[in-house]
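Colleague: Below you'll find the structure I mean.
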Amino acid sequence: MKISYIRTFRLTVSVVLLFSFLQSEAKVVYMSPDGNDSSAGTFDAPMATFPEAYKKIESGDTLYFRGGTYHVDDNQVMKFDKNYAYVFALEKAGTPDKKTCFMGYPGERPVFDFSALKLDGKHRFAAFYLGADNMHLRNFDIVGVPVRVLGHTQSECVAARKGSDCIIENLAMHDGMAIGYYQTAGSNNLVINCDAYNNYDDYSEGAYGGNVDGFGFHLGSPEYTGNVIRNCRAWRNSDDGFDLINCKAPVEIDHCWAFYNGFKPTADHHDISTFESAGDGNGFKAGGYGMKPGKTKCPEVCPRYYIHNCVAYRNKANGIYSNHHLGGSRWENYSSWENRANYNMVNRKSEKEVVDVPGYGHQLTGNVSYTYTDINRGGHLVNCDMLRSELHNNSFAPADSAITVTGDMFVSTNPEDLFLQRDADGNLPRMDFLRAKTGTPIALRHQGWAWEE
């Protein structure tokens, strides 16, 4: 009997929980929206604000957030540099055996609301700043993170700018103006069971809403290896769902969903009928270093990303997009439907030649394409050099093995299934949307979504 990926995730989370909660001799401090910063920080006498509670913990300790809404204002900003206000600056490193933990209390769901932040209009905001190694963030919402700076700028819900060996688990980052998870440095970080949705910046560049992705890995050095994002969803972010532009190290994206990106948010988080255009709107943008002469930031060896077992549905632009990369990536067991183009493998000719060329060096295996939306710029597979890439068992190419995909080959084509509720640990029930039915032609070549119970 084959094991479903959901069971694999549950096992992963169980190990993570055991690792985090059974830390010997770790101090535990508590916060509550009804707490008092003069209190001891115990379960019965919790504190009220993050900066004050943070003072009570040391390396390897745990700070628990009780349920309710925490309203964050300018007085709580913990750190500044020239461009950023790091609201909650997490800089007390744990160890491999004893991580420093920041967690919603089990059975409760705290919400941190950053919408009241203003400052001077000169700082970007990073709501939670990862500035040390071996930390674990788990089980809370981040909402309302604003942008107060004009121009091509941004804010971030979680800003991983230094820490390695961290776990970001079961966070929901939504209804703000900021990127969800944003990483520029650090190795071996795991982002698991997180959602980023309904994020839209209508201030810095007007109604366009560019630069607000769900998840962004933009690693500044080839040394930052081992980073993985798994079982995460990105929807109705006004730019891209998952973005790897200017990333100098390999990243793995596994069992993730990108849908309705490039459109403005809706009051109903589960709206499947309202589409007002905003930013770029790619589902998975994997790679690229820009197309401006003399300003390429590519490393000596171009990273090869591993992106597999994912779904891209109804994003405004491409479902899967190589974004003028300077090399190929490994794409396996995707389902892509109703994007402008479902698979767009376009590459840049060379570092010195700023010219688009059909994508080279890619490996596409076991991918499925249903229908696409743009007959002029779209397609099942576009901008791919078949002679310089490897294609095996896809529904669309090579041409002599292509098949016609129909809706009845999937367990579900109902997009409402994409909004299934996570359990208390962040796990999703089995996602049947665009999952191949056992015994169909696509199931035989698209193993990522045809696993049996």
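Chains: A, B, ... in order of the structure tokens. Residues: from 1 per chain. Ligands: from 1, in order shown.
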Which residues come within 12 Å of Glu223 of chain A, counting only C-alpha atoms, excluding same-chain residues fewer than 5 positions away, as number ranges by chain?
Modeller: A: 164, 184-188, 247-251, 299, 301, 303
Colleague: One decimal, Å: what's the distance from atom CA of Met345 of chain A over to atom CA of Thr274 of chain A, could you say?
Modeller: 28.5 Å
Colleague: Considering only C-alpha atoms, can you say which of A:Val355, A:Ala26, A:Leu171, A:Cys310 comes closest to Glu252 of chain A?
Modeller: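 When distances to Glu252 of chain A are compared using only C-alpha atoms, the smallest one comes from A:Cys310.
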Colleague: Within segment 174-358 of chain A, find each residue whose DSSP state, derived from the backbone, is strand (DSSP E), and express the selection as a ChimeraX atom specification.
Modeller: /A:174,179-183,190-192,195-199,204-207,215-217,227-230,233-237,242-243,251-254,257-259,284-285,306-308,311-313,318-321,330-332,335-337,341-344,347-348,356-357
Colleague: My list of candidates is A:Val228, A:Leu244, A:Leu190, A:Ala443. Which is closest to Phe284 of chain A when distances are computed with only C-alpha atoms?
Modeller: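 Comparing A:Val228, A:Leu244, A:Leu190, A:Ala443 against Phe284 of chain A, the winner is A:Leu244.
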Colleague: Within 10 Å of Tyr334 of chain A, counting only C-alpha atoms, which residues show up once you throw out same-chain ones fewer than 5 positions away? Write them as a PyMOL selection string, please.
Modeller: chain A and resi 255-257+307-312+319-320+342-343+364-369+394+434-435+446-449
Colleague: Near segment 123-140 of chain A, within 8 Å and counting only C-alpha atoms, which residues show up once chain neighbours fewer than 3 positions away are dropped, as number ranges by chain?
Modeller: A: 20, 82-96, 98-105, 109-112, 114, 119-120, 145-149, 153-172, 425-426
Colleague: What does the distance from atom CA of Ile375 of chain A to atom CA of Asn315 of chain A come to in Å, to one decimal?
Modeller: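 Separation between atom CA of Ile375 of chain A and atom CA of Asn315 of chain A: 15.3 Å.
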Colleague: So what do you get for atom CA of Phe410 of chain A versus atom CA of Ser389 of chain A, distance-wise?
Modeller: 27.7 Å
Colleague: Contacts of His270 of chain A at 12 Å or less, counting only C-alpha atoms, minus same-chain residues fewer than 4 places along, as a ChimeraX atom specification?
Modeller: /A:197-198,235-236,259-260,265-266,274,415-421
Colleague: Filtering to N, CA and C atoms, could you give me those residues as a PDB file, in the first residue's frame?
Modeller:
ATOM      1  N   TYR A 197      -2.444  34.869   1.788  1.00  0.00           N
ATOM      2  CA  TYR A 197      -3.563  35.196   0.911  1.00  0.00           C
ATOM      3  C   TYR A 197      -4.131  36.583   1.210  1.00  0.00           C
ATOM      4  N   ASN A 198      -4.809  37.121   0.172  1.00  0.00           N
ATOM      5  CA  ASN A 198      -5.480  38.411   0.281  1.00  0.00           C
ATOM      6  C   ASN A 198      -4.523  39.530   0.694  1.00  0.00           C
ATOM      7  N   TRP A 235      -2.845  32.416  -2.406  1.00  0.00           N
ATOM      8  CA  TRP A 235      -3.927  32.836  -3.275  1.00  0.00           C
ATOM      9  C   TRP A 235      -4.292  34.298  -3.035  1.00  0.00           C
ATOM     10  N   ARG A 236      -4.719  34.906  -4.117  1.00  0.00           N
ATOM     11  CA  ARG A 236      -5.109  36.317  -4.141  1.00  0.00           C
ATOM     12  C   ARG A 236      -4.057  37.224  -3.513  1.00  0.00           C
ATOM     13  N   PHE A 259      -3.044  29.852  -6.620  1.00  0.00           N
ATOM     14  CA  PHE A 259      -4.261  30.104  -7.374  1.00  0.00           C
ATOM     15  C   PHE A 259      -4.752  31.523  -7.134  1.00  0.00           C
ATOM     16  N   TYR A 260      -5.344  32.102  -8.172  1.00  0.00           N
ATOM     17  CA  TYR A 260      -5.936  33.441  -8.136  1.00  0.00           C
ATOM     18  C   TYR A 260      -4.921  34.538  -7.795  1.00  0.00           C
ATOM     19  N   PRO A 265      -7.685  41.386  -3.718  1.00  0.00           N
ATOM     20  CA  PRO A 265      -8.386  40.594  -2.703  1.00  0.00           C
ATOM     21  C   PRO A 265      -9.891  40.782  -2.766  1.00  0.00           C
ATOM     22  N   THR A 266     -10.579  39.869  -2.146  1.00  0.00           N
ATOM     23  CA  THR A 266     -12.031  39.940  -2.035  1.00  0.00           C
ATOM     24  C   THR A 266     -12.418  39.802  -0.561  1.00  0.00           C
ATOM     25  N   THR A 274     -14.828  36.522  -8.642  1.00  0.00           N
ATOM     26  CA  THR A 274     -14.491  37.935  -8.809  1.00  0.00           C
ATOM     27  C   THR A 274     -13.013  38.069  -9.145  1.00  0.00           C
ATOM     28  N   PRO A 415     -12.989  24.262  -7.734  1.00  0.00           N
ATOM     29  CA  PRO A 415     -11.986  25.090  -7.056  1.00  0.00           C
ATOM     30  C   PRO A 415     -12.301  25.369  -5.594  1.00  0.00           C
ATOM     31  N   GLU A 416     -13.542  25.158  -5.170  1.00  0.00           N
ATOM     32  CA  GLU A 416     -13.844  25.347  -3.755  1.00  0.00           C
ATOM     33  C   GLU A 416     -13.046  24.381  -2.878  1.00  0.00           C
ATOM     34  N   ASP A 417     -12.599  23.280  -3.466  1.00  0.00           N
ATOM     35  CA  ASP A 417     -11.796  22.322  -2.709  1.00  0.00           C
ATOM     36  C   ASP A 417     -10.436  22.887  -2.310  1.00  0.00           C
ATOM     37  N   LEU A 418      -9.988  23.936  -2.984  1.00  0.00           N
ATOM     38  CA  LEU A 418      -8.698  24.530  -2.662  1.00  0.00           C
ATOM     39  C   LEU A 418      -8.691  25.211  -1.294  1.00  0.00           C
ATOM     40  N   PHE A 419      -9.867  25.508  -0.766  1.00  0.00           N
ATOM     41  CA  PHE A 419      -9.970  26.254   0.491  1.00  0.00           C
ATOM     42  C   PHE A 419     -10.227  25.348   1.688  1.00  0.00           C
ATOM     43  N   LEU A 420      -9.966  24.070   1.564  1.00  0.00           N
ATOM     44  CA  LEU A 420     -10.202  23.172   2.681  1.00  0.00           C
ATOM     45  C   LEU A 420      -9.501  23.671   3.939  1.00  0.00           C
ATOM     46  N   GLN A 421     -10.152  23.497   5.070  1.00  0.00           N
ATOM     47  CA  GLN A 421      -9.628  24.015   6.327  1.00  0.00           C
ATOM     48  C   GLN A 421      -8.531  23.115   6.884  1.00  0.00           C
TER      49      GLN A 421
END
Colleague: Please provide the set of residues having any atom within 9 Å of Glu276 of chain A, restricted to only C-alpha atoms, with same-chain residues fewer than 3 positions apart removed, written as a ChimeraX atom specification.
Modeller: /A:262-265
Colleague: Export, as a short mmCIF file (atom, residue, chain, number, x, y, z; two decimals), in the first residue's frame, the selected residues with N, CA and C atoms.
Modeller:
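Contents of the output file again.cif:
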data_model
loop_
_atom_site.label_atom_id
_atom_site.label_comp_id
_atom_site.auth_asym_id
_atom_site.auth_seq_id
_atom_site.Cartn_x
_atom_site.Cartn_y
_atom_site.Cartn_z
N GLY A 262 -2.32 37.60 -8.71
CA GLY A 262 -2.39 38.66 -9.71
C GLY A 262 -3.72 39.38 -9.74
N PHE A 263 -4.58 39.05 -8.79
CA PHE A 263 -5.89 39.70 -8.69
C PHE A 263 -6.05 40.34 -7.31
N LYS A 264 -6.90 41.34 -7.25
CA LYS A 264 -7.13 42.04 -5.99
C LYS A 264 -7.89 41.15 -5.01
N PRO A 265 -7.69 41.39 -3.72
CA PRO A 265 -8.39 40.59 -2.70
C PRO A 265 -9.89 40.78 -2.77
#
Colleague: Hey, what's within 8 Å of Gly144 of chain A if we count only C-alpha atoms and toss same-chain stuff fewer than 3 positions away? As number ranges by chain, please?
Modeller: A: 113-115, 174-177
